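Heads up, coords_19.pdb below (PDB, C-alpha atoms):
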ATOM      1  CA  MET A1098     -55.794   9.695  29.408
ATOM      2  CA  PRO A1099     -52.185   8.500  29.504
ATOM      3  CA  SER A1100     -51.785   4.729  29.469
ATOM      4  CA  ALA A1101     -50.219   2.837  32.368
ATOM      5  CA  ALA A1102     -47.158   2.165  30.194
ATOM      6  CA  GLU A1103     -46.807   5.866  29.317
ATOM      7  CA  ARG A1104     -47.160   6.889  32.946
ATOM      8  CA  THR A1105     -44.533   4.375  34.046
ATOM      9  CA  ARG A1106     -42.160   5.349  31.245
ATOM     10  CA  THR A1107     -42.573   8.987  32.286
ATOM     11  CA  LEU A1108     -41.702   8.148  35.892
ATOM     12  CA  VAL A1109     -38.656   6.100  34.894
ATOM     13  CA  GLN A1110     -37.263   8.914  32.740
ATOM     14  CA  SER A1111     -38.183  11.724  35.139
ATOM     15  CA  THR A1112     -36.288  13.169  38.101
ATOM     16  CA  CYS A1113     -38.473  11.312  40.620
ATOM     17  CA  SER A1114     -36.545   9.588  43.374
ATOM     18  CA  ALA A1115     -35.625   5.997  42.585
ATOM     19  CA  LEU A1116     -34.044   3.166  44.514
ATOM     20  CA  LEU A1117     -32.597  -0.077  43.170
ATOM     21  CA  VAL A1118     -33.340  -3.120  45.315
ATOM     22  CA  VAL A1119     -31.229  -6.242  44.801
ATOM     23  CA  PRO A1120     -32.643  -9.147  46.845
ATOM     24  CA  GLY A1121     -29.982 -10.823  48.970
ATOM     25  CA  LEU A1122     -27.619  -7.856  48.856
ATOM     26  CA  ASP A1123     -26.613  -6.816  52.375
ATOM     27  CA  LEU A1124     -26.975  -3.039  52.560
ATOM     28  CA  ALA A1125     -27.092  -2.723  56.335
ATOM     29  CA  ARG A1126     -23.857  -0.717  56.330
ATOM     30  CA  ALA A1127     -24.063   0.751  52.846
ATOM     31  CA  GLU A1128     -25.764   3.729  51.226
ATOM     32  CA  PRO A1129     -29.082   3.158  49.397
ATOM     33  CA  LEU A1130     -28.650   2.149  45.766
ATOM     34  CA  VAL A1131     -29.731   5.372  44.057
ATOM     35  CA  PRO A1132     -28.833   5.538  40.331
ATOM     36  CA  ASP A1133     -27.001   8.670  39.195
ATOM     37  CA  SER A1134     -28.884   8.538  35.897
ATOM     38  CA  ARG A1135     -31.681   6.520  34.296
ATOM     39  CA  SER A1136     -32.557   5.912  30.672
ATOM     40  CA  VAL A1137     -34.504   3.436  28.562
ATOM     41  CA  GLY A1138     -33.041   1.544  25.613
ATOM     42  CA  PRO A1139     -34.827   0.808  22.315
ATOM     43  CA  GLU A1140     -35.875  -2.648  23.538
ATOM     44  CA  GLY A1141     -37.372  -1.270  26.742
ATOM     45  CA  ASP A1142     -34.503  -2.206  29.046
ATOM     46  CA  LEU A1143     -33.423   0.268  31.728
ATOM     47  CA  PHE A1144     -29.868   1.617  31.916
ATOM     48  CA  LEU A1145     -28.799   2.746  35.387
ATOM     49  CA  GLU A1146     -25.509   4.524  36.107
ATOM     50  CA  PHE A1147     -23.667   3.927  39.394
ATOM     51  CA  PRO A1148     -20.207   4.602  40.822
ATOM     52  CA  ALA A1149     -17.866   1.753  39.875
ATOM     53  CA  ASP A1150     -17.454   0.784  43.536
ATOM     54  CA  SER A1151     -21.207   0.599  44.211
ATOM     55  CA  PRO A1152     -22.472  -2.651  45.798
ATOM     56  CA  ALA A1153     -24.891  -2.926  42.870
ATOM     57  CA  VAL A1154     -21.993  -2.907  40.392
ATOM     58  CA  ARG A1155     -20.063  -5.474  42.417
ATOM     59  CA  ALA A1156     -23.095  -7.719  42.618
ATOM     60  CA  ALA A1157     -23.813  -7.476  38.888
ATOM     61  CA  THR A1158     -20.163  -8.084  37.977
ATOM     62  CA  HIS A1159     -19.826 -10.994  40.368
ATOM     63  CA  ALA A1160     -23.014 -12.636  39.091
ATOM     64  CA  GLN A1161     -21.577 -12.849  35.559
ATOM     65  CA  GLY A1162     -23.700 -15.422  33.695
ATOM     66  CA  ASP A1163     -25.992 -16.111  36.630
ATOM     67  CA  GLU A1164     -29.364 -14.387  36.775
ATOM     68  CA  LEU A1165     -29.364 -11.514  39.253
ATOM     69  CA  THR A1166     -32.832 -10.150  39.884
ATOM     70  CA  ALA A1167     -33.456  -6.539  40.893
ATOM     71  CA  VAL A1168     -36.290  -4.044  41.261
ATOM     72  CA  LEU A1169     -36.240  -0.313  40.556
ATOM     73  CA  GLU A1170     -38.658   1.430  42.916
ATOM     74  CA  ILE A1171     -39.783   4.938  41.921
ATOM     75  CA  THR A1172     -41.670   7.404  44.120
ATOM     76  CA  ASP A1173     -43.441  10.387  42.574
ATOM     77  CA  VAL A1174     -43.996  13.364  44.903
ATOM     78  CA  ALA A1175     -45.987  16.448  43.915
ATOM     79  CA  PRO A1176     -43.693  19.482  43.415
ATOM     80  CA  VAL A1177     -46.175  21.728  45.260
ATOM     81  CA  SER A1178     -47.243  21.688  48.898
ATOM     82  CA  VAL A1179     -50.516  19.768  49.105
ATOM     83  CA  PRO A1180     -52.152  17.145  51.343
ATOM     84  CA  HIS A1181     -51.354  13.546  50.362
ATOM     85  CA  ARG A1182     -48.316  14.670  48.424
ATOM     86  CA  ILE A1183     -47.182  11.283  47.067
ATOM     87  CA  ARG A1184     -48.754  11.052  43.620
ATOM     88  CA  GLY A1185     -47.707   7.529  42.811
ATOM     89  CA  ARG A1186     -45.191   4.705  42.838
ATOM     90  CA  ALA A1187     -43.879   2.370  40.178
ATOM     91  CA  TRP A1188     -41.852  -0.821  40.295
ATOM     92  CA  VAL A1189     -39.836  -2.254  37.398
ATOM     93  CA  SER A1190     -38.297  -5.650  37.989
ATOM     94  CA  GLY A1191     -35.966  -7.747  35.872
ATOM     95  CA  TRP A1192     -32.426  -9.044  35.564
ATOM     96  CA  LEU A1193     -29.352  -6.965  36.279
ATOM     97  CA  THR A1194     -26.072  -7.067  34.338
ATOM     98  CA  SER A1195     -23.122  -4.721  33.966
ATOM     99  CA  VAL A1196     -22.401  -3.039  30.617
ATOM    100  CA  PRO A1197     -18.713  -2.022  30.412
ATOM    101  CA  GLY A1198     -17.722   0.916  28.227
ATOM    102  CA  LEU A1199     -20.947   2.929  28.377
ATOM    103  CA  ALA A1200     -20.002   5.158  31.307
ATOM    104  CA  GLU A1201     -17.150   7.523  32.135
ATOM    105  CA  PRO A1202     -14.128   6.320  34.133
ATOM    106  CA  GLY A1203     -15.068   5.590  37.714
ATOM    107  CA  ARG A1204     -18.646   4.875  36.691
ATOM    108  CA  MET A1205     -20.459   1.770  35.479
ATOM    109  CA  MET A1206     -23.679   1.347  33.538
ATOM    110  CA  LEU A1207     -25.987  -1.431  34.679
ATOM    111  CA  ARG A1208     -28.696  -2.859  32.478
ATOM    112  CA  LEU A1209     -31.999  -3.907  34.021
ATOM    113  CA  GLU A1210     -33.627  -6.209  31.505
ATOM    114  CA  PHE A1211     -37.355  -5.531  31.693
ATOM    115  CA  GLY A1212     -39.292  -8.392  33.256
ATOM    116  CA  GLU A1213     -42.457  -6.811  34.587
ATOM    117  CA  ALA A1214     -43.717  -3.516  35.965
ATOM    118  CA  TYR A1215     -46.507  -2.187  38.110
ATOM    119  CA  VAL A1216     -47.747   1.359  38.707
ATOM    120  CA  ASP A1217     -50.008   2.662  41.468
ATOM    121  CA  ASP A1218     -50.786   6.352  40.997
ATOM    122  CA  LEU A1219     -53.556   8.950  40.754
ATOM    123  CA  TRP A1220     -55.089   7.021  37.858
ATOM    124  CA  GLY A1221     -55.167   3.659  39.612
ATOM    125  CA  ALA A1222     -53.092   0.490  39.879
ATOM    126  CA  GLU A1223     -52.102  -1.509  36.789
ATOM    127  CA  ASP A1224     -49.593  -4.043  35.495
ATOM    128  CA  ILE A1225     -47.504  -3.110  32.451
ATOM    129  CA  GLU A1226     -46.540  -5.510  29.704
ATOM    130  CA  ALA A1227     -43.010  -5.447  28.325
ATOM    131  CA  GLU A1228     -44.109  -4.578  24.778
ATOM    132  CA  ASP A1229     -46.314  -1.717  25.965
ATOM    133  CA  PHE A1230     -43.488  -0.244  28.045
ATOM    134  CA  ARG A1231     -41.029  -0.569  25.147
ATOM    135  CA  ASP A1232     -43.361   1.219  22.718
ATOM    136  CA  ALA A1233     -44.523   3.963  25.119
ATOM    137  CA  ALA A1234     -43.050   7.458  25.179
ATOM    138  CA  PRO A1235     -42.659   9.717  28.215
ATOM    139  CA  ASP A1236     -45.052  12.627  28.461
ATOM    140  CA  PRO A1237     -43.701  15.628  26.490
ATOM    141  CA  LEU A1238     -44.396  17.990  29.411
ATOM    142  CA  ALA A1239     -42.634  15.857  32.030
ATOM    143  CA  GLY A1240     -39.407  17.855  31.959
ATOM    144  CA  HIS A1241     -41.295  21.104  32.608
ATOM    145  CA  GLU A1242     -44.095  19.822  34.854
ATOM    146  CA  ALA A1243     -42.614  20.803  38.221
ATOM    147  CA  GLU A1244     -41.850  24.363  37.106
ATOM    148  CA  LEU A1245     -45.253  24.741  35.441
ATOM    149  CA  LEU A1246     -47.190  23.496  38.482
ATOM    150  CA  GLN A1247     -45.224  25.767  40.806
ATOM    151  CA  HIS A1248     -45.884  28.725  38.506
ATOM    152  CA  LEU A1249     -49.623  28.011  38.329
ATOM    153  CA  HIS A1250     -49.760  27.673  42.103
ATOM    154  CA  SER A1251     -47.844  30.859  42.902
ATOM    155  CA  ALA A1252     -48.861  33.205  40.083
ATOM    156  CA  HIS A1253     -52.364  32.103  39.078
ATOM    157  CA  ASP A1254     -54.062  31.288  42.372
ATOM    158  CA  ASP A1255     -57.178  33.343  41.618
ATOM    159  CA  GLN A1256     -57.625  31.748  38.201
ATOM    160  CA  MET A1257     -57.083  28.287  39.676
ATOM    161  CA  ARG A1258     -59.923  28.885  42.134
ATOM    162  CA  THR A1259     -62.325  29.740  39.289
ATOM    163  CA  LEU A1260     -61.935  26.225  37.873
ATOM    164  CA  CYS A1261     -64.265  24.958  40.572
ATOM    165  CA  GLY A1262     -67.080  26.612  38.640
ATOM    166  CA  LEU A1263     -66.597  24.091  35.824
ATOM    167  CA  LEU A1264     -67.466  21.131  38.048
ATOM    168  CA  GLY A1265     -71.226  21.487  38.077
ATOM    169  CA  GLU A1266     -73.712  23.671  39.912
ATOM    170  CA  ARG A1267     -73.686  21.751  43.197
ATOM    171  CA  THR A1268     -69.896  21.748  43.479
ATOM    172  CA  ALA A1269     -69.705  25.375  42.383
ATOM    173  CA  ARG A1270     -72.080  26.380  45.198
ATOM    174  CA  ALA A1271     -69.929  24.454  47.671
ATOM    175  CA  CYS A1272     -66.831  26.228  46.385
ATOM    176  CA  SER A1273     -68.508  29.610  46.749
ATOM    177  CA  SER A1274     -69.404  28.976  50.386
ATOM    178  CA  HIS A1275     -66.229  27.200  51.517
ATOM    179  CA  GLN A1276     -63.645  28.914  49.263
ATOM    180  CA  PRO A1277     -61.305  25.918  49.001
ATOM    181  CA  THR A1278     -57.722  26.346  47.890
ATOM    182  CA  ALA A1279     -57.136  25.044  44.355
ATOM    183  CA  VAL A1280     -53.727  23.418  44.037
ATOM    184  CA  PRO A1281     -52.490  22.182  40.630
ATOM    185  CA  VAL A1282     -51.198  18.730  41.515
ATOM    186  CA  ALA A1283     -50.429  17.039  38.184
ATOM    187  CA  LEU A1284     -50.089  17.996  34.548
ATOM    188  CA  ASP A1285     -49.711  15.977  31.358
ATOM    189  CA  ARG A1286     -50.395  16.367  27.663
ATOM    190  CA  PHE A1287     -54.059  15.423  28.137
ATOM    191  CA  GLY A1288     -55.011  17.758  30.974
ATOM    192  CA  LEU A1289     -54.595  19.236  34.442
ATOM    193  CA  ARG A1290     -55.447  17.674  37.799
ATOM    194  CA  VAL A1291     -56.383  20.059  40.624
ATOM    195  CA  ARG A1292     -56.718  19.278  44.321
ATOM    196  CA  PHE A1293     -59.319  21.419  46.079
ATOM    197  CA  VAL A1294     -58.421  21.730  49.759
ATOM    198  CA  GLU A1295     -61.011  22.981  52.257
ATOM    199  CA  ASP A1296     -60.339  24.777  55.545
ATOM    200  CA  LYS A1297     -60.938  21.666  57.643
ATOM    201  CA  GLY A1298     -58.308  19.761  55.684
ATOM    202  CA  SER A1299     -60.654  17.658  53.571
ATOM    203  CA  CYS A1300     -59.927  17.652  49.856
ATOM    204  CA  PHE A1301     -61.015  16.270  46.516
ATOM    205  CA  ASP A1302     -59.420  16.015  43.078
ATOM    206  CA  ALA A1303     -60.834  17.204  39.778
ATOM    207  CA  ARG A1304     -59.478  16.560  36.315
ATOM    208  CA  PHE A1305     -59.717  19.175  33.546
ATOM    209  CA  GLU A1306     -59.140  17.714  30.091
ATOM    210  CA  PHE A1307     -57.707  19.797  27.259
ATOM    211  CA  PRO A1308     -59.716  19.970  23.989
ATOM    212  CA  GLU A1309     -56.903  17.958  22.393
ATOM    213  CA  PRO A1310     -53.539  16.634  23.625
ATOM    214  CA  VAL A1311     -50.772  19.245  23.693
ATOM    215  CA  ARG A1312     -47.309  18.578  22.293
ATOM    216  CA  ASP A1313     -45.253  21.293  23.958
ATOM    217  CA  VAL A1314     -45.324  24.252  26.343
ATOM    218  CA  THR A1315     -46.583  26.640  23.637
ATOM    219  CA  GLU A1316     -49.654  24.495  22.989
ATOM    220  CA  LEU A1317     -50.081  24.100  26.751
ATOM    221  CA  ARG A1318     -50.292  27.882  27.210
ATOM    222  CA  ARG A1319     -53.104  28.029  24.651
ATOM    223  CA  ALA A1320     -54.928  25.149  26.324
ATOM    224  CA  MET A1321     -54.643  26.764  29.768
ATOM    225  CA  HIS A1322     -55.860  30.110  28.375
ATOM    226  CA  THR A1323     -58.911  28.354  26.928
ATOM    227  CA  LEU A1324     -59.537  26.577  30.231
ATOM    228  CA  PHE A1325     -59.348  29.774  32.298
ATOM    229  CA  GLU A1326     -61.585  31.592  29.800
ATOM    230  CA  ALA A1327     -64.230  28.870  30.130
ATOM    231  CA  ALA A1328     -64.051  29.084  33.917
ATOM    232  CA  ALA A1329     -64.343  32.888  33.879
ATOM    233  CA  SER A1330     -67.469  32.810  31.726
TER
END

Take the structure in the file and give it back as structure tokens.
Amino acid sequence: MPSAAERTRTLVQSTCSALLVVPGLDLARAEPLVPDSRSVGPEGDLFLEFPADSPAVRAATHAQGDELTAVLEITDVAPVSVPHRIRGRAWVSGWLTSVPGLAEPGRMMLRLEFGEAYVDDLWGAEDIEAEDFRDAAPDPLAGHEAELLQHLHSAHDDQMRTLCGLLGERTARACSSHQPTAVPVALDRFGLRVRFVEDKGSCFDARFEFPEPVRDVTELRRAMHTLFEAAAS
């Protein structure tokens, strides 16, 4: 399974919605502090791009040598329609400074020095150490996950339903009688998570592990073919 650090790193470098919170900054009349881009440096610090006139930039510039704390809040929403659609949240907190010269004119790059992080997602809730976050890599399928899940949901519905047969005889009998919808809700290099939704609205998740971690979409196709073959037999 992916580690908490890997999952958090994936969220930080994904297209999930993110909001920068700077304690003490009055945003009552301002727009939310949403970075235009996010990246992670070699030491594990976050680099967040904002318009040069953003309140976050003004606060970081004004603070100068003083410590300005901030928190990046990330919300991960499933790219397919499914009950309980929020898959997870992550928080990365640290100290905010401006980094002149790294952004185009009219923009400013802010550096969030990693202090601590916390993730609460489909795997559970965990703290992340700075060294673990620095050394982790985002999941190799993250950039394609939304498109892949949408494709599985729209084009392979019948095959998705057969996966229920891999969950044991008792569950398979329940699937045969209730015919739940099988929605692919999350995908990573280790496997696929499916949410089985029954007519009355109740649902449960099942995780289908690949024989070995996949490194790209080509290996994923082979792994999915093997999974569907096992379910069909």

All residues 6 Å or closer to stretch 1128-1132 of chain A, only C-alpha atoms, same chain fewer than 6 positions away omitted, as a PyMOL selection string:
chain A and resi 1116-1117+1145-1147

Pick out the residues sitting within 9 Å of A:Val1282, and hand them over as a PDB file with C-alpha atoms, in the frame of the given file; count all atoms listed in the file, and ignore anything fewer than 3 positions along from it in its own chain.
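What ended up in out-v1.pdb:
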ATOM      1  CA  ALA A1175     -45.987  16.448  43.915  1.00  0.00           C
ATOM      2  CA  PRO A1176     -43.693  19.482  43.415  1.00  0.00           C
ATOM      3  CA  VAL A1177     -46.175  21.728  45.260  1.00  0.00           C
ATOM      4  CA  SER A1178     -47.243  21.688  48.898  1.00  0.00           C
ATOM      5  CA  VAL A1179     -50.516  19.768  49.105  1.00  0.00           C
ATOM      6  CA  ARG A1182     -48.316  14.670  48.424  1.00  0.00           C
ATOM      7  CA  ARG A1184     -48.754  11.052  43.620  1.00  0.00           C
ATOM      8  CA  LEU A1246     -47.190  23.496  38.482  1.00  0.00           C
ATOM      9  CA  LEU A1289     -54.595  19.236  34.442  1.00  0.00           C
ATOM     10  CA  ARG A1290     -55.447  17.674  37.799  1.00  0.00           C
ATOM     11  CA  VAL A1291     -56.383  20.059  40.624  1.00  0.00           C
ATOM     12  CA  ARG A1292     -56.718  19.278  44.321  1.00  0.00           C
ATOM     13  CA  ASP A1302     -59.420  16.015  43.078  1.00  0.00           C
TER      14      ASP A1302
END

Let me make sure I understand: among A:Leu1238, A:Thr1172, A:Val1294, A:Arg1318, which one has the smallest atom-to-atom distance to A:Arg1258 if we use all atoms listed in the file?
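Counting all atoms listed in the file, the residue closest to A:Arg1258 is A:Val1294.
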
So, counting all atoms listed in the file, which residue among A:Phe1301, A:Glu1295, A:Leu1165, A:Leu1260 is closest to A:Leu1324?
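The closest residue to A:Leu1324 is A:Leu1260.
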
May I ask for the distance between atom CA of A:Gln1247 and atom CA of A:Asp1285, given in Å to one decimal place?
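Atom-to-atom, atom CA of A:Gln1247 to atom CA of A:Asp1285, that is 14.3 Å.
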
My list of candidates is A:Pro1139, A:Pro1237, A:Gly1191, A:Pro1099. Which is closest to A:Glu1306 when distances are computed with only C-alpha atoms?
A:Pro1099
